[in-house]
file structure_1.cif (mmCIF, C-alpha atoms and all ligand atoms)
data_run
loop_
_atom_site.label_atom_id
_atom_site.label_comp_id
_atom_site.auth_asym_id
_atom_site.auth_seq_id
_atom_site.Cartn_x
_atom_site.Cartn_y
_atom_site.Cartn_z
CA MET I 40 76.68 106.22 31.87
CA THR I 41 75.71 103.35 29.63
CA ASP I 42 72.06 104.30 29.11
CA ASP I 43 71.97 108.06 28.73
CA PHE I 44 68.27 108.65 28.16
CA MET I 45 68.74 112.42 28.47
CA PRO I 46 71.85 113.51 26.57
CA LEU I 47 72.57 117.21 27.16
CA LEU I 48 74.81 119.02 24.68
CA GLY I 49 75.23 122.13 26.81
CA TRP I 50 73.65 125.29 28.18
CA ASP I 51 71.50 126.84 25.47
CA SER I 52 70.44 130.08 27.13
CA ILE I 53 69.23 131.56 30.38
CA GLU I 54 66.14 133.73 30.10
CA LEU I 55 65.36 136.31 32.75
CA TRP I 56 61.87 137.75 33.00
CA VAL I 57 62.30 141.34 34.10
CA GLY I 58 60.32 144.52 34.62
CA ASN I 59 62.10 146.51 31.94
CA ALA I 60 64.02 144.43 29.41
CA LYS I 61 65.27 147.48 27.53
CA GLN I 62 67.11 148.70 30.62
CA ALA I 63 68.15 145.23 31.79
CA ALA I 64 69.77 144.62 28.39
CA TYR I 65 71.72 147.85 28.79
CA PHE I 66 72.91 146.71 32.24
CA TYR I 67 74.14 143.32 31.01
CA GLU I 68 75.82 144.95 28.02
CA HIS I 69 77.52 147.76 29.84
CA ALA I 70 78.20 146.39 33.31
CA MET I 71 78.88 142.77 32.37
CA GLY I 72 80.32 143.03 28.88
CA PHE I 73 77.63 141.21 26.90
CA THR I 74 76.99 141.93 23.24
CA ARG I 75 73.42 142.39 22.09
CA THR I 76 72.87 140.03 19.17
CA ALA I 77 69.15 139.59 18.58
CA TYR I 78 65.80 141.15 19.38
CA ALA I 79 62.13 140.24 19.20
CA GLY I 80 59.33 142.63 20.09
CA PRO I 81 56.51 144.78 18.76
CA GLU I 82 58.74 146.06 15.92
CA THR I 83 59.33 142.49 14.70
CA GLY I 84 55.73 141.36 14.98
CA VAL I 85 55.81 139.98 18.54
CA ARG I 86 52.95 141.96 20.04
CA ASP I 87 53.03 141.07 23.73
CA ARG I 88 56.68 141.23 24.81
CA ALA I 89 60.19 142.43 24.08
CA SER I 90 63.21 140.12 24.28
CA TYR I 91 66.88 141.02 23.96
CA VAL I 92 69.50 138.32 23.35
CA LEU I 93 72.90 139.03 24.92
CA GLU I 94 76.00 136.97 24.26
CA GLN I 95 79.54 136.71 25.60
CA GLY I 96 81.80 133.75 24.89
CA ASP I 97 79.46 130.75 24.88
CA ILE I 98 77.05 132.43 27.31
CA ARG I 99 73.64 133.45 26.04
CA PHE I 100 71.24 135.47 28.21
CA VAL I 101 67.78 136.55 27.10
CA VAL I 102 66.00 139.33 28.98
CA THR I 103 62.28 139.65 28.38
CA SER I 104 59.49 141.86 29.61
CA ALA I 105 55.81 142.04 28.69
CA VAL I 106 54.19 145.21 27.40
CA ARG I 107 50.80 144.66 29.10
CA SER I 108 49.65 144.15 32.68
CA ASP I 109 47.49 141.10 31.98
CA HIS I 110 50.36 138.83 31.00
CA GLU I 111 52.14 135.80 32.43
CA ILE I 112 55.48 137.63 32.40
CA THR I 113 54.06 140.66 34.23
CA ARG I 114 52.54 138.41 36.89
CA HIS I 115 55.85 136.53 37.23
CA VAL I 116 57.72 139.80 37.71
CA ALA I 117 55.10 141.12 40.16
CA ARG I 118 55.53 138.04 42.29
CA HIS I 119 59.23 137.27 41.97
CA GLY I 120 60.84 140.49 40.85
CA ASP I 121 63.40 140.18 38.06
CA GLY I 122 64.43 136.54 37.98
CA VAL I 123 65.44 133.50 36.00
CA ARG I 124 62.47 132.00 34.18
CA ASP I 125 64.18 129.50 31.92
CA ILE I 126 67.40 127.52 32.20
CA ALA I 127 67.40 126.23 28.63
CA LEU I 128 69.51 123.23 27.63
CA THR I 129 70.69 122.18 24.20
CA VAL I 130 69.67 118.63 23.32
CA PRO I 131 69.97 116.48 20.19
CA ASP I 132 66.19 115.83 20.12
CA ALA I 133 63.73 118.09 21.95
CA ALA I 134 60.76 115.77 21.37
CA GLU I 135 62.63 112.80 22.78
CA ALA I 136 63.87 114.87 25.76
CA TYR I 137 60.27 115.90 26.50
CA GLU I 138 59.02 112.34 26.14
CA GLN I 139 61.72 110.99 28.47
CA ALA I 140 61.27 113.78 31.04
CA THR I 141 57.47 113.62 31.23
CA LYS I 142 57.55 109.82 31.29
CA ARG I 143 59.73 110.14 34.39
CA GLY I 144 57.32 112.48 36.13
CA ALA I 145 58.33 115.96 34.98
CA ARG I 146 55.46 118.37 34.36
CA GLY I 147 55.31 119.45 30.73
CA VAL I 148 55.10 123.20 30.11
CA ALA I 149 55.39 123.30 26.31
CA GLU I 150 54.88 120.32 24.05
CA PRO I 151 57.51 119.69 21.38
CA GLN I 152 57.21 122.03 18.43
CA ARG I 153 59.29 122.85 15.40
CA VAL I 154 59.33 126.43 14.15
CA GLU I 155 60.99 127.51 10.93
CA ASP I 156 62.00 130.58 9.02
CA GLU I 157 64.44 131.32 6.19
CA PHE I 158 67.39 130.28 8.41
CA GLY I 159 66.15 126.74 9.01
CA SER I 160 64.16 125.25 11.83
CA ILE I 161 64.44 124.89 15.57
CA GLU I 162 62.76 122.35 17.78
CA THR I 163 61.83 123.14 21.39
CA SER I 164 59.85 121.73 24.31
CA ALA I 165 59.80 122.67 27.99
CA ILE I 166 59.30 121.16 31.43
CA ALA I 167 58.83 122.69 34.86
CA THR I 168 61.44 122.58 37.60
CA TYR I 169 61.50 124.24 41.07
CA GLY I 170 59.10 127.15 41.65
CA ASP I 171 58.05 128.89 38.43
CA THR I 172 61.36 128.05 36.77
CA ILE I 173 61.41 125.92 33.61
CA HIS I 174 63.88 124.03 31.45
CA THR I 175 63.39 124.50 27.73
CA PHE I 176 64.95 121.78 25.60
CA VAL I 177 66.38 123.27 22.41
CA ASN I 178 67.53 121.44 19.31
CA ARG I 179 69.14 124.08 17.12
CA ALA I 180 71.12 121.70 14.89
CA ASP I 181 69.14 122.77 11.80
CA TYR I 182 69.10 126.48 12.55
CA ALA I 183 71.55 129.15 11.41
CA GLY I 184 69.63 132.31 12.28
CA PRO I 185 69.82 134.74 15.20
CA TYR I 186 68.69 132.87 18.33
CA LYS I 187 65.25 131.62 17.24
CA PRO I 188 62.69 132.27 14.51
CA GLY I 189 60.92 135.56 15.26
CA TYR I 190 64.14 137.26 16.31
CA VAL I 191 66.09 139.70 14.18
CA SER I 192 69.81 140.20 14.27
CA VAL I 193 70.90 143.43 15.89
CA SER I 194 74.30 144.99 16.15
CA SER I 195 75.40 146.08 19.57
CA ASN I 196 75.53 149.78 18.92
CA GLY I 197 75.72 150.57 22.63
CA ASN I 198 78.62 148.40 23.66
CA ARG I 199 81.89 149.62 22.23
CA ARG I 200 84.04 148.22 25.03
CA GLY I 201 83.74 144.51 24.23
CA GLY I 202 83.49 141.69 26.72
CA VAL I 203 85.01 141.24 30.15
CA GLY I 204 86.36 137.75 29.47
CA LEU I 205 83.38 135.66 30.57
CA LEU I 206 83.49 132.38 28.65
CA ASN I 207 80.72 129.97 29.59
CA VAL I 208 78.13 129.07 32.20
CA ASP I 209 79.76 126.97 34.91
CA HIS I 210 76.71 126.19 37.07
CA VAL I 211 73.28 127.50 38.02
CA VAL I 212 72.17 127.20 41.65
CA GLY I 213 68.58 126.72 42.78
CA ASN I 214 67.18 127.64 46.20
CA VAL I 215 64.29 125.48 47.42
CA GLU I 216 62.25 125.40 50.64
CA LEU I 217 63.35 123.81 53.90
CA GLY I 218 63.05 120.05 53.65
CA ARG I 219 62.62 119.94 49.87
CA MET I 220 66.22 119.72 48.64
CA ASN I 221 66.10 115.94 48.39
CA GLU I 222 62.89 116.05 46.33
CA TRP I 223 64.71 118.15 43.73
CA VAL I 224 67.81 116.00 43.94
CA ASP I 225 65.52 113.04 43.18
CA PHE I 226 63.93 115.01 40.34
CA TYR I 227 67.27 115.63 38.62
CA GLU I 228 68.26 111.99 39.17
CA ARG I 229 65.01 110.58 37.85
CA VAL I 230 64.21 113.04 35.05
CA PHE I 231 67.73 113.87 33.83
CA GLY I 232 69.70 110.84 34.96
CA MET I 233 72.02 113.18 36.84
CA THR I 234 74.10 112.13 39.80
CA ASN I 235 74.76 113.83 43.11
CA ILE I 236 78.47 114.67 42.95
CA ILE I 237 78.83 116.72 46.14
CA HIS I 238 76.77 117.28 49.23
CA PHE I 239 77.33 119.12 52.41
CA GLY I 240 75.22 119.60 55.46
CA ASP I 241 74.65 122.30 57.98
CA ASP I 242 77.59 121.21 60.09
CA GLN I 243 79.87 122.18 57.22
CA ILE I 244 78.17 125.35 56.05
CA GLN I 245 77.24 127.49 58.92
CA THR I 246 78.11 130.66 60.64
CA GLU I 247 76.91 131.99 63.92
CA TYR I 248 73.59 132.97 62.40
CA SER I 249 72.69 130.91 59.40
CA ALA I 250 73.14 127.59 57.72
CA LEU I 251 72.29 125.80 54.51
CA MET I 252 72.32 122.35 53.03
CA SER I 253 73.43 121.83 49.46
CA LYS I 254 73.75 119.02 46.96
CA VAL I 255 75.25 119.32 43.50
CA MET I 256 73.64 117.47 40.60
CA SER I 257 75.66 116.87 37.44
CA ASP I 258 75.01 115.31 34.06
CA GLY I 259 77.20 112.42 32.91
CA GLY I 260 79.45 114.68 30.86
CA GLY I 261 79.96 117.11 33.74
CA LYS I 262 78.95 120.08 31.59
CA ILE I 263 75.66 120.84 33.32
CA LYS I 264 75.81 121.33 37.07
CA PHE I 265 72.87 122.24 39.27
CA PRO I 266 73.62 122.80 42.95
CA ILE I 267 70.39 122.78 44.99
CA ASN I 268 70.28 124.62 48.33
CA GLU I 269 67.80 124.51 51.15
CA PRO I 270 67.93 126.56 54.35
CA ALA I 271 68.95 124.92 57.57
CA GLU I 272 68.12 125.96 61.09
CA GLY I 273 70.32 128.78 62.35
CA LYS I 274 70.03 131.35 65.08
CA ARG I 275 68.59 133.81 62.60
CA LYS I 276 67.24 133.85 59.07
CA SER I 277 69.65 132.29 56.57
CA GLN I 278 70.43 133.82 53.18
CA ILE I 279 68.35 131.04 51.60
CA ASP I 280 65.34 132.01 53.75
CA GLU I 281 65.83 135.62 52.75
CA TYR I 282 65.86 134.63 49.08
CA LEU I 283 62.73 132.46 49.47
CA GLU I 284 60.92 135.28 51.25
CA PHE I 285 61.76 137.94 48.68
CA TYR I 286 61.52 135.74 45.58
CA GLU I 287 58.25 134.47 47.06
CA GLY I 288 59.21 130.89 46.47
CA PRO I 289 61.97 128.70 45.07
CA GLY I 290 64.04 129.87 42.13
CA ALA I 291 67.50 130.27 40.65
CA GLN I 292 69.82 131.90 43.19
CA HIS I 293 72.97 132.50 41.20
CA ILE I 294 74.50 131.97 37.80
CA ALA I 295 78.21 131.18 37.81
CA LEU I 296 80.16 132.33 34.76
CA ALA I 297 83.63 131.04 34.00
CA SER I 298 86.60 133.23 33.12
CA SER I 299 90.17 132.25 32.32
CA ASP I 300 91.33 135.57 33.80
CA ILE I 301 89.17 136.31 36.81
CA VAL I 302 91.34 139.24 37.91
CA GLY I 303 90.92 140.91 34.51
CA SER I 304 87.19 140.12 34.38
CA VAL I 305 86.57 141.49 37.86
CA GLU I 306 88.67 144.61 37.21
CA ALA I 307 86.69 145.26 34.02
CA MET I 308 83.30 144.68 35.69
CA LYS I 309 84.24 146.93 38.62
CA ALA I 310 85.37 149.65 36.21
CA ARG I 311 81.91 149.40 34.61
CA GLY I 312 80.18 149.76 37.94
CA PHE I 313 79.37 146.16 38.89
CA VAL I 314 79.52 145.76 42.67
CA PHE I 315 80.88 142.60 44.30
CA LEU I 316 80.59 141.23 47.81
CA ASP I 317 83.27 142.29 50.20
CA THR I 318 85.49 139.83 52.06
CA PRO I 319 87.40 140.58 55.26
CA ASP I 320 91.18 141.00 54.89
CA THR I 321 91.72 138.36 57.57
CA TYR I 322 90.25 135.83 55.09
CA TYR I 323 93.50 136.05 53.10
CA GLU I 324 95.83 135.20 55.97
CA ASP I 325 93.81 132.07 56.48
CA ALA I 326 93.36 131.39 52.75
CA GLN I 327 97.08 131.15 52.11
CA VAL I 328 97.47 128.55 54.83
CA ARG I 329 94.37 126.67 53.69
CA VAL I 330 95.02 126.66 49.93
CA GLY I 331 98.80 126.95 49.68
CA GLU I 332 100.72 127.86 46.55
CA ILE I 333 98.80 129.12 43.52
CA GLU I 334 99.79 130.85 40.29
CA GLU I 335 98.21 134.12 41.34
CA ASP I 336 99.52 136.64 43.81
CA TYR I 337 97.46 136.57 47.02
CA ALA I 338 97.90 140.34 47.33
CA VAL I 339 96.14 140.82 43.98
CA LEU I 340 93.31 138.46 44.99
CA GLN I 341 92.98 140.33 48.27
CA ARG I 342 92.84 143.68 46.52
CA HIS I 343 89.89 142.43 44.45
CA LYS I 344 88.40 140.31 47.25
CA ILE I 345 88.56 137.20 45.07
CA LEU I 346 88.05 133.98 47.05
CA VAL I 347 90.22 130.90 46.66
CA ASP I 348 89.64 127.27 47.49
CA ARG I 349 91.30 123.92 46.84
CA ASP I 350 90.04 120.36 46.39
CA GLU I 351 91.83 117.12 45.53
CA ASP I 352 91.87 117.99 41.81
CA GLY I 353 93.21 121.53 41.97
CA TYR I 354 92.15 125.01 43.02
CA LEU I 355 89.60 127.60 42.00
CA LEU I 356 89.14 131.34 42.25
CA GLN I 357 85.67 132.80 42.65
CA ILE I 358 83.84 135.99 43.54
CA PHE I 359 80.17 136.80 44.04
CA THR I 360 78.39 139.95 42.93
CA LYS I 361 75.86 141.79 45.00
CA THR I 362 72.29 141.01 44.00
CA ALA I 363 71.48 142.28 40.53
CA GLN I 364 68.13 143.87 41.48
CA ASP I 365 66.64 145.56 44.55
CA ARG I 366 65.16 142.35 45.88
CA PRO I 367 67.86 140.29 47.64
CA THR I 368 67.46 137.40 45.21
CA VAL I 369 69.48 136.68 42.04
CA PHE I 370 73.22 137.32 41.87
CA PHE I 371 76.20 136.21 39.80
CA GLU I 372 79.47 134.43 40.42
CA VAL I 373 82.66 134.68 38.38
CA ILE I 374 84.77 131.52 38.64
CA GLU I 375 88.17 130.50 37.32
CA ARG I 376 88.98 126.82 37.69
CA HIS I 377 92.50 125.45 37.90
CA GLY I 378 91.59 121.77 37.98
CA ALA I 379 89.20 122.03 40.92
CA THR I 380 85.85 120.40 40.23
CA THR I 381 84.06 121.50 43.40
CA PHE I 382 82.29 124.79 44.14
CA GLY I 383 84.31 126.56 46.80
CA GLU I 384 82.83 124.79 49.82
CA GLY I 385 85.80 126.00 51.87
CA ASN I 386 84.67 129.52 51.11
CA PHE I 387 81.13 129.10 52.32
CA LYS I 388 81.86 130.32 55.81
CA ALA I 389 83.74 133.35 54.52
CA LEU I 390 81.01 133.95 51.96
CA PHE I 391 78.25 133.58 54.52
CA GLU I 392 79.87 136.10 56.79
CA ALA I 393 80.14 138.50 53.87
CA ILE I 394 76.50 137.94 52.84
CA GLU I 395 75.29 138.36 56.40
CA ARG I 396 76.92 141.76 56.63
CA GLU I 397 74.78 142.73 53.62
CA GLN I 398 71.70 141.14 55.17
CA ALA I 399 72.22 143.06 58.41
CA LEU I 400 72.41 146.32 56.45
CA ARG I 401 69.01 145.54 54.93
CA GLY I 402 67.59 144.76 58.37
CA ASN I 403 66.84 141.15 57.43
CA LEU I 404 69.22 139.25 59.67
FE FE2 I 501 78.35 128.92 42.76
#
call {"tool": "encode", "arguments": {"input": "structure_1.cif", "output": "structure tokens", "more": "lines below"}}
Ligand code: FE2
result
Amino acid sequence: MTDDFMPLLGWDSIELWVGNAKQAAYFYEHAMGFTRTAYAGPETGVRDRASYVLEQGDIRFVVTSAVRSDHEITRHVARHGDGVRDIALTVPDAAEAYEQATKRGARGVAEPQRVEDEFGSIETSAIATYGDTIHTFVNRADYAGPYKPGYVSVSSNGNRRGGVGLLNVDHVVGNVELGRMNEWVDFYERVFGMTNIIHFGDDQIQTEYSALMSKVMSDGGGKIKFPINEPAEGKRKSQIDEYLEFYEGPGAQHIALASSDIVGSVEAMKARGFVFLDTPDTYYEDAQVRVGEIEEDYAVLQRHKILVDRDEDGYLLQIFTKTAQDRPTVFFEVIERHGATTFGEGNFKALFEAIEREQALRGNL
């Protein structure tokens, strides 16, 4: 892109607003292999909330809960359940990013501000995206402290087992209402200068009962990828409809985390109690024919129910977790790419069938 008005340096952090951040932090540490690195809360002079920063590879999650009922975070959690509040992006200039975004029609949520402490200064601003989700722009070039001013460094005294091999955020998927996918595709084109790299319609992604439409938005560098889903008409309620009903609106559906050893990562997460979606054994007979030769042993993938797909650039391995809270909303994906630049479209049917078995168990199909 010749005129990149919105240069993005990478994923800064993903903040989840949750009912009980102390326990959520423990879950991400112990079940997913994150290391607790920083904390802000009543003990550090932040009176209204507690935030735990969790890191693994280049991934940074923040889990936050409020300590009072009359609070924006508490209301968010009451409405949506535990969910993704902020998909924060690292930028070279947070004031410029805000100026460019709002000029192009984005709704500002936090005006640019620079906060400093003994470790330097950090500049942030924020805009709204789908639902109650926001994008914070973060310029941390002049900051050497733990996460942000106001946070203190903490050692991960709970997690003695180390990580599970998760390296970086691959993509974050948003679910929006029926008929609104293209509005959000336009938003990411207009506000971020992103381009639609992949789209598929309900003829390509449907099972007997449900369907979805999806378009993938990507920045020029290909680092930041935002697939946007909307439900499509099916015989029964689609998984996107179920999400929208239980999240009470649009929001982030799943966070995909990259591994260079998905088998090892999945084994480690399973050993720690993380539960993944099941896939029928017959999927693997078909998968071998569909995808052909790969470095991994299909029997090992089958044992772990890891999905496999191929595009013109290579292949990928992926697996989806069950939802991470009681509401059937946010879940995670582990992905290992071998050249493939797509998102496992060939797996959608297999995935849908797996998700629908879960949906039927909850009585929501
Ligand atoms: Fe995904």
call {"tool": "atom_distance", "arguments": {"input": "structure_1.cif", "atom1": "CA of Asn403 (chain I)", "atom2": "CA of His210 (chain I)"}}
result
27.1 Å
call {"tool": "closest_residue", "arguments": {"input": "structure_1.cif", "among": "I:Glu135, I:Glu162, I:Glu395, I:Asp209", "to": "ligand FE2 501 (chain I)", "atoms": "only C-alpha atoms and all ligand atoms"}}
result
I:Asp209
call {"tool": "residues_near_ligand", "arguments": {"input": "structure_1.cif", "ligand": "ligand FE2 501 (chain I)", "cutoff": "8 Å", "atoms": "only C-alpha atoms and all ligand atoms", "output": "JSON, numbers by chain"}}
result
{"I": [210, 211, 212, 266, 293, 294, 295, 372, 382, 383]}
call {"tool": "closest_residue", "arguments": {"input": "structure_1.cif", "among": "I:Lys276, I:Arg86, I:Arg75, I:Arg124", "to": "Glu54 (chain I)", "atoms": "all atoms listed in the file"}}
result
I:Arg124
call {"tool": "atom_distance", "arguments": {"input": "structure_1.cif", "atom1": "CA of Ser164 (chain I)", "atom2": "CA of Val215 (chain I)"}}
result
23.8 Å
call {"tool": "residues_around", "arguments": {"input": "structure_1.cif", "residues": "Asp365 (chain I)", "least_positions_apart": "6", "cutoff": "10 Å", "atoms": "all atoms listed in the file", "output": "JSON, numbers by chain"}}
result
{"I": [120, 121, 285]}
call {"tool": "axis_aligned_box", "arguments": {"input": "structure_1.cif", "around": "region 267-274 of chain I", "padding_each_side": "5 Å", "output": "lines of an AutoDock Vina configuration file"}}
result
center_x = 69.1
center_y = 127.1
center_z = 55.0
size_x = 12.6
size_y = 18.6
size_z = 30.1
call {"tool": "residues_around", "arguments": {"input": "structure_1.cif", "residues": "region 94-98 of chain I", "least_positions_apart": "6", "cutoff": "6 Å", "atoms": "all atoms listed in the file", "output": "ChimeraX atom specification"}}
result
/I:73-74,206-207
call {"tool": "residues_near_point", "arguments": {"input": "structure_1.cif", "point": "(77.7, 111.6, 34.2)", "cutoff": "8 Å", "atoms": "all atoms listed in the file", "output": "number ranges by chain"}}
result
I: 40, 233-234, 257-261
call {"tool": "atom_distance", "arguments": {"input": "structure_1.cif", "atom1": "CA of Thr141 (chain I)", "atom2": "CA of Tyr182 (chain I)"}}
result
25.5 Å
call {"tool": "residues_around", "arguments": {"input": "structure_1.cif", "residues": "Arg99 (chain I)", "least_positions_apart": "4", "cutoff": "8 Å", "atoms": "only C-alpha atoms", "output": "list in words"}}
result
Asp51, Ser52, Ile53, Val92, Leu93, Glu94 and Gln95 of chain I
call {"tool": "write_last_selection", "arguments": {"input": "structure_1.cif", "atoms": "C-alpha atoms", "output": "PDB file, in the coordinates of the input"}}
result
ATOM      1  CA  ASP I  51      71.500 126.840  25.470  1.00  0.00           C
ATOM      2  CA  SER I  52      70.440 130.080  27.130  1.00  0.00           C
ATOM      3  CA  ILE I  53      69.230 131.560  30.380  1.00  0.00           C
ATOM      4  CA  VAL I  92      69.500 138.320  23.350  1.00  0.00           C
ATOM      5  CA  LEU I  93      72.900 139.030  24.920  1.00  0.00           C
ATOM      6  CA  GLU I  94      76.000 136.970  24.260  1.00  0.00           C
ATOM      7  CA  GLN I  95      79.540 136.710  25.600  1.00  0.00           C
TER       8      GLN I  95
END
call {"tool": "closest_residue", "arguments": {"input": "structure_1.cif", "among": "I:Ala149, I:Val230, I:Val224, I:Met308", "to": "Asn268 (chain I)", "atoms": "all atoms listed in the file"}}
result
I:Val224
call {"tool": "residues_around", "arguments": {"input": "structure_1.cif", "residues": "Gly385 (chain I)", "least_positions_apart": "2", "cutoff": "8 Å", "atoms": "all atoms listed in the file", "output": "PyMOL selection string"}}
result
chain I and resi 348-349+383+387-388
call {"tool": "residues_around", "arguments": {"input": "structure_1.cif", "residues": "region 173-178 of chain I", "least_positions_apart": "3", "cutoff": "8 Å", "atoms": "all atoms listed in the file", "output": "list in words"}}
result
Asp51, Arg124, Asp125, Ile126, Ala127, Leu128, Thr129, Val130, Pro131, Asp132, Ala133, Ala136, Tyr137, Val148, Ile161, Glu162, Thr163, Ser164, Ala165, Ile166, Ala167, Thr168, Tyr169 and Asp181 of chain I
call {"tool": "decode", "arguments": {"input": "structure_1.cif", "residues": "region 379-386 of chain I", "atoms": "all heavy atoms", "output": "JSON list (two decimals), in the first residue's frame"}}
result
[["chain", "number", "residue", "atom", "x", "y", "z"],
["I", 379, "ALA", "N", 0.20, -22.03, 4.63],
["I", 379, "ALA", "CA", -1.19, -21.64, 4.32],
["I", 379, "ALA", "C", -1.49, -20.27, 4.90],
["I", 379, "ALA", "O", -1.09, -19.95, 6.03],
["I", 379, "ALA", "CB", -2.16, -22.67, 4.90],
["I", 380, "THR", "N", -2.20, -19.46, 4.11],
["I", 380, "THR", "CA", -2.53, -18.10, 4.57],
["I", 380, "THR", "C", -4.03, -17.94, 4.83],
["I", 380, "THR", "O", -4.48, -16.87, 5.21],
["I", 380, "THR", "CB", -2.11, -17.07, 3.50],
["I", 380, "THR", "OG1", -2.69, -17.46, 2.25],
["I", 380, "THR", "CG2", -0.59, -17.02, 3.36],
["I", 381, "THR", "N", -4.78, -19.01, 4.61],
["I", 381, "THR", "CA", -6.23, -18.94, 4.83],
["I", 381, "THR", "C", -6.56, -19.38, 6.26],
["I", 381, "THR", "O", -5.66, -19.43, 7.10],
["I", 381, "THR", "CB", -6.96, -19.79, 3.76],
["I", 381, "THR", "OG1", -6.32, -21.07, 3.71],
["I", 381, "THR", "CG2", -6.87, -19.12, 2.40],
["I", 382, "PHE", "N", -7.83, -19.71, 6.51],
["I", 382, "PHE", "CA", -8.27, -19.90, 7.89],
["I", 382, "PHE", "C", -8.94, -21.24, 8.15],
["I", 382, "PHE", "O", -9.65, -21.41, 9.12],
["I", 382, "PHE", "CB", -9.19, -18.73, 8.28],
["I", 382, "PHE", "CG", -8.45, -17.43, 8.23],
["I", 382, "PHE", "CD1", -8.28, -16.75, 7.03],
["I", 382, "PHE", "CD2", -7.86, -16.91, 9.37],
["I", 382, "PHE", "CE1", -7.54, -15.58, 6.97],
["I", 382, "PHE", "CE2", -7.13, -15.74, 9.32],
["I", 382, "PHE", "CZ", -6.97, -15.07, 8.12],
["I", 383, "GLY", "N", -8.71, -22.19, 7.25],
["I", 383, "GLY", "CA", -9.30, -23.50, 7.44],
["I", 383, "GLY", "C", -10.73, -23.59, 6.94],
["I", 383, "GLY", "O", -11.55, -24.29, 7.53],
["I", 384, "GLU", "N", -11.01, -22.88, 5.83],
["I", 384, "GLU", "CA", -12.37, -22.89, 5.29],
["I", 384, "GLU", "C", -12.86, -24.31, 5.00],
["I", 384, "GLU", "O", -14.03, -24.62, 5.16],
["I", 384, "GLU", "CB", -12.45, -22.04, 4.00],
["I", 384, "GLU", "CG", -12.35, -20.55, 4.24],
["I", 384, "GLU", "CD", -10.93, -20.08, 4.55],
["I", 384, "GLU", "OE1", -9.97, -20.84, 4.30],
["I", 384, "GLU", "OE2", -10.78, -18.96, 5.07],
["I", 385, "GLY", "N", -11.93, -25.17, 4.56],
["I", 385, "GLY", "CA", -12.29, -26.55, 4.27],
["I", 385, "GLY", "C", -12.75, -27.30, 5.51],
["I", 385, "GLY", "O", -13.38, -28.35, 5.43],
["I", 386, "ASN", "N", -12.42, -26.74, 6.66],
["I", 386, "ASN", "CA", -12.80, -27.40, 7.92],
["I", 386, "ASN", "C", -14.12, -26.90, 8.47],
["I", 386, "ASN", "O", -14.59, -27.41, 9.48],
["I", 386, "ASN", "CB", -11.72, -27.14, 8.98],
["I", 386, "ASN", "CG", -10.52, -28.04, 8.75],
["I", 386, "ASN", "OD1", -10.68, -29.20, 8.38],
["I", 386, "ASN", "ND2", -9.35, -27.50, 8.96]]
